[in-house]
Amino acid sequence: MAILGWAVPVTAAEPATEDPGLAVEYSSLPAGGSRDLGVVPTLALHVAPGGTPSPFLPAGPFTVTWTGHINAEIRSDYLFQAEFSGSFRLEINGQEVLRSEGVGVTSPFSKPVRLTKGANALKATFQSPSQGEAFLRVGWAEKAFLVQPLPATVLSHGTDAALGAALERRAGRESMIEFRCLRCHATSVVSNGVPELAMDAPSLDGIGGRRSYDWMRRWIENPRGLRPTAHMPRVFRGPAAPEEARAVAAYLASLKPAASEGLADPAPWRLLAPPPAAAVAGTEVGPLFESLHCAACHTPPDVAQAEEGKIPLRHVREKFPDGALADFLRRPSARYHWIRMPDFRLTASEASALAEGLLKLAPAPEGGAAPPAPAEAALLEKGKGLVQSSGCLNCHPHSLENRSRAPQFDTFKPESWTRGCLATGSEAGGGAPDFTLAPGVVAGLRAVGATDRTSLQRHVPSEFASRESRLLRCTACHGQFDGFPAFDVLGGKLRPEWAAAFIGGQVDYKPRGERHPKGEPWLSARMPAFGPYAALLAPGMAESSGFAPSSPPPAAARPPDEALAAVGRKLLGKVGGFSCVSCHGVNAMPALEVFESEGINLALTGSRIRREYFQRWMRLPLAVDPSTKMPAYFDEEGHSPLTEVFEGDALRQLEAIWEFLKLGEKMTPPELGEAK
């Protein structure tokens, strides 16, 4: 594909009969050990010392084999290169094009490889080193200076019976985590298992002030009647179920919260170069439901049919007592640590406005006003006993003693996987809760049950990131809206420490402000916080892109070279430089001449992104993000138009700019005179 006259592989025509990504086989060493199959987006991995590439493999040496197709939009010649620790072999259309081994090395480029238009068979094999970290990152290019990671958009694979069975087993492991199976069926795995085994459910303490009685009654009686995707089971069955649900709801409604502590509004975002106050005054921000992209995860209250995978908001008027919805929106995780609803740092006025808008759109409760909660002492006592004995407290934190008992997971026999919660047909019923599991979910749970279940003890960061980013619906925003970068590039773009802080809501600035330097509205969306997921997502995203889960701060890795940084400062300026300050602010100095799209304040760049990403981005921004307004400053051979600096050597100029970026908020703004 030609971009500005330079051929850059960024898109492809994918075969209609295949799925995205590559099929992958993991095998323990020596040969004959454990084996697992799966699907990954691209040719990259990282496994820390003592780790494993798959939860179904024990820690230790391993091999990985990827198979599928690389799909070219046009016929052309491409170069391939690998960075790795271990040994690596790449075959295209049955021919070996790259073979190398070493520790922390970059292979030479392959000879030019002719890819035909459409699907080209790909096979890659990697073996971990005998000790230390194992990693692989594969890149391609039509010109060596423009090498980019092999993108997921050009890769596809077919699925056979063996891969299908392995994916079913992986889905079963996910279901076992998602349905909190081990919260009831206690086992030693919980104490040393994957982090998500600790996932809770909403606390019952004070829940009577947060949820309406009648909604709780109907939810307890039949959760999936209100939300088809609910994980909470029908705990009560048979003729007595409605009255039991009524008793439990009445008890819960009696649990009133302590006096509110009162939430302070979040601190304002720190702006290195704030726009003039006069320019901001009187400028309105659009409706929050739209600007926060709530519809990426929710079906609006006035839409009767819930969209697949989204949580409907049709019942908000029935669910929340007066004022409770606004309180929830301000701090979603206050009573539910592992909630997937993120925290948008809403102020009190924003939360009230959003709640008011949602409640106006929601239909009135069926049958008119909801009945008040019963207050008979006998009914409340009955509800209290049911809460203690029916398994509610296995998932929901509460001050009561838990008197529920279920069979120990460690004692399960093969026939146990067809009983209780997993019973179907005439076997269903009894005292087990009713999860209304789909046949595929039952099959997956039985498949993982047939293993030794040690996969529940193995936390694989990349697997966690792949699974949880899907469940958190990260790609419903990333890559979909202006200002939201594609999710699959973030692991190779961001330093994991910064990413963890940003996803966790611990960064006090927005990388891009809501307004241009002169005050024009720009990007009203904001990245919300995802609580306990953040510290686990960021390392997994890094490993998925072939990088270590941690990295030293840029300046700590090597203090900035003062002489080079001075050259970099000049290159960013308007006098003898690339005039980067036209679109980018530098500390308190705002961008000077934003025409269409303001860039990141350059004082924030060195702490955010990887040096490797900076190099790739600067070489050809459109190859990284086809929608960017950032121009290209170098030709395809690595030459710069600023020949008076390092004789136009692009790599040396980029190194100088990076040394300046490492100064962070200690930067002195570049020269601002007229370019000559």
# chains A, B, ... in the order shown; residues from 1 in each chain; ligands from 1
>>> closest_atom_pairs(of="segment 456-486 of chain A", to="segment 624-634 of chain A", cutoff="10 Å", atoms="only C-alpha atoms", output="CSV")
residue,atom,partner,partner_atom,distance
A:Gly479,CA,A:Asp625,CA,9.7
A:Asp482,CA,A:Ser627,CA,8.9
A:Gly483,CA,A:Thr628,CA,9.6
A:Pro485,CA,A:Asp625,CA,8.0
A:Ala486,CA,A:Asp625,CA,8.3
>>> write_last_selection(atoms="all heavy atoms", output="compact mmCIF listing (two decimals), in the first residue's frame")
# COMPACT_ATOMS: atom_id res chain seq x y z
N GLY A 479 -9.79 2.55 18.95
CA GLY A 479 -9.83 2.27 17.53
C GLY A 479 -11.15 2.61 16.89
O GLY A 479 -11.29 2.48 15.67
N ASP A 482 -12.40 9.13 17.58
CA ASP A 482 -11.29 10.06 17.44
C ASP A 482 -10.60 10.26 18.79
O ASP A 482 -11.25 10.52 19.80
CB ASP A 482 -11.82 11.41 16.93
CG ASP A 482 -10.69 12.37 16.57
OD1 ASP A 482 -9.57 11.89 16.32
OD2 ASP A 482 -10.94 13.58 16.54
N GLY A 483 -9.29 10.12 18.80
CA GLY A 483 -8.52 10.29 20.02
C GLY A 483 -8.32 9.01 20.81
O GLY A 483 -7.62 9.02 21.82
N PRO A 485 -6.59 5.52 20.55
CA PRO A 485 -5.70 4.69 19.73
C PRO A 485 -6.16 3.25 19.71
O PRO A 485 -6.84 2.78 20.63
CB PRO A 485 -4.35 4.82 20.43
CG PRO A 485 -4.68 5.21 21.84
CD PRO A 485 -5.93 6.04 21.76
N ALA A 486 -5.83 2.53 18.66
CA ALA A 486 -6.16 1.10 18.56
C ALA A 486 -5.57 0.37 19.77
O ALA A 486 -4.42 0.61 20.15
CB ALA A 486 -5.63 0.53 17.26
>>> closest_residue(among="A:Phe56, A:Phe320, A:Trp140, A:Trp219", to="Ser110 of chain A", atoms="only C-alpha atoms")
A:Trp140
>>> closest_residue(among="A:Leu672, A:Leu359, A:Ala144, A:Leu456", to="Gly323 of chain A", atoms="only C-alpha atoms")
A:Leu359
>>> closest_residue(among="A:Pro61, A:Gly576, A:Pro363, A:Gly51", to="Phe126 of chain A", atoms="only C-alpha atoms")
A:Pro61
>>> closest_atom_pairs(of="segment 479-574 of chain A", to="segment 647-662 of chain A", cutoff="6 Å", atoms="only C-alpha atoms", output="tab-separated table")
residue	atom	partner	partner_atom	distance
A:Pro554	CA	A:Lys662	CA	6.0
A:Ala555	CA	A:Lys662	CA	5.8
A:Pro560	CA	A:Glu659	CA	5.2
A:Leu564	CA	A:Ala656	CA	4.7
A:Ala565	CA	A:Phe660	CA	4.1
A:Val567	CA	A:Ala656	CA	5.9
A:Gly568	CA	A:Ile657	CA	3.9
>>> residues_around(residues="Ala267 of chain A", least_positions_apart="5", cutoff="12 Å", atoms="only C-alpha atoms", output="PyMOL selection string")
chain A and resi 345-347+505-509
>>> closest_atom_pairs(of="segment 507-612 of chain A", to="segment 38-48 of chain A", cutoff="6 Å", atoms="only C-alpha atoms", output="Markdown table")
| residue | atom | partner | partner_atom | distance |
| --- | --- | --- | --- | --- |
| A:Glu543 | CA | A:His46 | CA | 4.7 |
| A:Ser544 | CA | A:Leu45 | CA | 5.5 |
| A:Ser545 | CA | A:Ala44 | CA | 5.4 |
| A:Gly546 | CA | A:Leu45 | CA | 4.2 |
| A:Phe547 | CA | A:His46 | CA | 5.8 |
>>> residues_around(residues="segment 92-98 of chain A", least_positions_apart="2", cutoff="6 Å", atoms="only C-alpha atoms", output="list in words")
Arg89, Leu90, Ser110, Asn120, Ala121 and Leu122 of chain A
>>> closest_residue(among="A:Glu415, A:Asp561, A:Asp452, A:Asp302", to="Val316 of chain A", atoms="only C-alpha atoms")
A:Asp302
>>> decode(residues="segment 48-176 of chain A", atoms="C-alpha atoms", output="compact mmCIF listing (two decimals), in the first residue's frame")
# COMPACT_ATOMS: atom_id res chain seq x y z
CA ALA A 48 9.29 -13.83 32.31
CA PRO A 49 11.79 -16.16 34.01
CA GLY A 50 9.89 -18.93 35.77
CA GLY A 51 6.74 -18.23 33.74
CA THR A 52 4.79 -20.08 31.08
CA PRO A 53 3.26 -18.98 27.76
CA SER A 54 0.00 -20.83 28.50
CA PRO A 55 -2.01 -21.55 31.66
CA PHE A 56 -2.23 -25.17 30.50
CA LEU A 57 1.57 -25.62 30.53
CA PRO A 58 3.79 -25.85 33.62
CA ALA A 59 6.64 -23.39 33.99
CA GLY A 60 9.83 -24.40 32.22
CA PRO A 61 11.39 -24.55 28.74
CA PHE A 62 8.92 -24.56 25.86
CA THR A 63 8.40 -24.25 22.14
CA VAL A 64 5.76 -22.24 20.32
CA THR A 65 4.58 -22.79 16.75
CA TRP A 66 2.37 -20.31 14.90
CA THR A 67 0.51 -21.25 11.72
CA GLY A 68 -1.87 -19.41 9.43
CA HIS A 69 -1.70 -16.96 6.57
CA ILE A 70 -0.21 -13.56 5.93
CA ASN A 71 -2.56 -11.75 3.57
CA ALA A 72 -1.12 -9.20 1.18
CA GLU A 73 -3.22 -6.56 -0.52
CA ILE A 74 -0.88 -6.48 -3.52
CA ARG A 75 2.02 -8.59 -4.74
CA SER A 76 5.29 -7.18 -3.46
CA ASP A 77 8.64 -7.99 -1.85
CA TYR A 78 8.99 -7.69 1.93
CA LEU A 79 11.83 -7.85 4.44
CA PHE A 80 11.39 -9.67 7.77
CA GLN A 81 13.32 -9.18 11.00
CA ALA A 82 13.05 -10.58 14.54
CA GLU A 83 14.10 -9.40 17.99
CA PHE A 84 14.24 -12.28 20.45
CA SER A 85 15.85 -14.37 23.15
CA GLY A 86 15.83 -18.04 22.16
CA SER A 87 15.79 -19.50 18.69
CA PHE A 88 13.45 -18.56 15.87
CA ARG A 89 12.55 -19.82 12.42
CA LEU A 90 10.11 -18.24 9.93
CA GLU A 91 8.71 -19.95 6.84
CA ILE A 92 6.60 -18.25 4.15
CA ASN A 93 4.86 -20.38 1.52
CA GLY A 94 6.93 -23.38 2.56
CA GLN A 95 10.29 -21.63 2.21
CA GLU A 96 12.54 -20.74 5.15
CA VAL A 97 13.12 -16.98 5.08
CA LEU A 98 14.62 -16.37 8.52
CA ARG A 99 16.49 -18.50 11.05
CA SER A 100 18.46 -17.20 14.01
CA GLU A 101 19.24 -17.77 17.68
CA GLY A 102 20.68 -15.79 20.54
CA VAL A 103 19.88 -13.92 23.73
CA GLY A 104 18.54 -10.39 23.44
CA VAL A 105 19.47 -10.12 19.77
CA THR A 106 18.09 -8.57 16.60
CA SER A 107 18.36 -10.77 13.55
CA PRO A 108 19.64 -9.48 10.21
CA PHE A 109 16.90 -8.69 7.72
CA SER A 110 15.78 -11.57 5.57
CA LYS A 111 16.34 -11.44 1.86
CA PRO A 112 13.37 -9.87 0.06
CA VAL A 113 10.42 -12.26 0.26
CA ARG A 114 7.85 -12.21 -2.54
CA LEU A 115 4.30 -12.24 -1.15
CA THR A 116 1.55 -12.92 -3.64
CA LYS A 117 -1.72 -11.03 -3.52
CA GLY A 118 -4.05 -12.70 -1.00
CA ALA A 119 -3.17 -15.51 1.39
CA ASN A 120 0.43 -16.66 1.87
CA ALA A 121 1.10 -19.65 4.16
CA LEU A 122 3.01 -18.73 7.32
CA LYS A 123 4.70 -20.95 9.88
CA ALA A 124 6.93 -19.70 12.69
CA THR A 125 8.71 -21.69 15.39
CA PHE A 126 10.26 -20.36 18.58
CA GLN A 127 12.14 -22.17 21.34
CA SER A 128 12.78 -20.53 24.69
CA PRO A 129 16.34 -20.08 25.97
CA SER A 130 17.61 -22.40 28.68
CA GLN A 131 17.28 -19.66 31.28
CA GLY A 132 16.13 -16.06 31.66
CA GLU A 133 13.32 -14.31 29.85
CA ALA A 134 11.97 -15.54 26.54
CA PHE A 135 10.66 -13.02 24.04
CA LEU A 136 9.94 -12.51 20.36
CA ARG A 137 8.93 -9.53 18.23
CA VAL A 138 8.67 -9.89 14.46
CA GLY A 139 8.66 -6.95 12.07
CA TRP A 140 8.35 -6.45 8.32
CA ALA A 141 8.87 -3.70 5.78
CA GLU A 142 9.44 -2.98 2.14
CA LYS A 143 12.30 -0.68 3.15
CA ALA A 144 14.53 -1.47 6.13
CA PHE A 145 14.21 2.04 7.59
CA LEU A 146 10.41 1.65 7.79
CA VAL A 147 10.20 -1.68 9.64
CA GLN A 148 7.00 -2.09 11.69
CA PRO A 149 5.63 -4.93 13.84
CA LEU A 150 3.75 -7.52 11.83
CA PRO A 151 0.16 -6.23 12.26
CA ALA A 152 -2.79 -8.37 13.31
CA THR A 153 -4.81 -7.02 10.37
CA VAL A 154 -2.85 -9.11 7.85
CA LEU A 155 -2.97 -12.44 9.71
CA SER A 156 -5.60 -15.19 9.61
CA HIS A 157 -6.00 -18.87 10.45
CA GLY A 158 -8.30 -21.83 10.01
CA THR A 159 -9.73 -23.93 12.85
CA ASP A 160 -9.62 -27.71 13.03
CA ALA A 161 -11.14 -30.11 15.59
CA ALA A 162 -8.08 -30.06 17.86
CA LEU A 163 -7.97 -26.26 18.00
CA GLY A 164 -11.73 -26.14 18.55
CA ALA A 165 -11.43 -28.50 21.53
CA ALA A 166 -8.61 -26.44 23.03
CA LEU A 167 -10.60 -23.22 22.64
CA GLU A 168 -13.56 -24.90 24.33
CA ARG A 169 -11.32 -25.82 27.27
CA ARG A 170 -10.02 -22.24 27.49
CA ALA A 171 -13.59 -20.94 27.42
CA GLY A 172 -14.44 -23.33 30.24
CA ARG A 173 -11.59 -21.98 32.34
CA GLU A 174 -12.87 -18.46 31.72
CA SER A 175 -16.42 -19.49 32.70
CA MET A 176 -15.15 -21.08 35.90
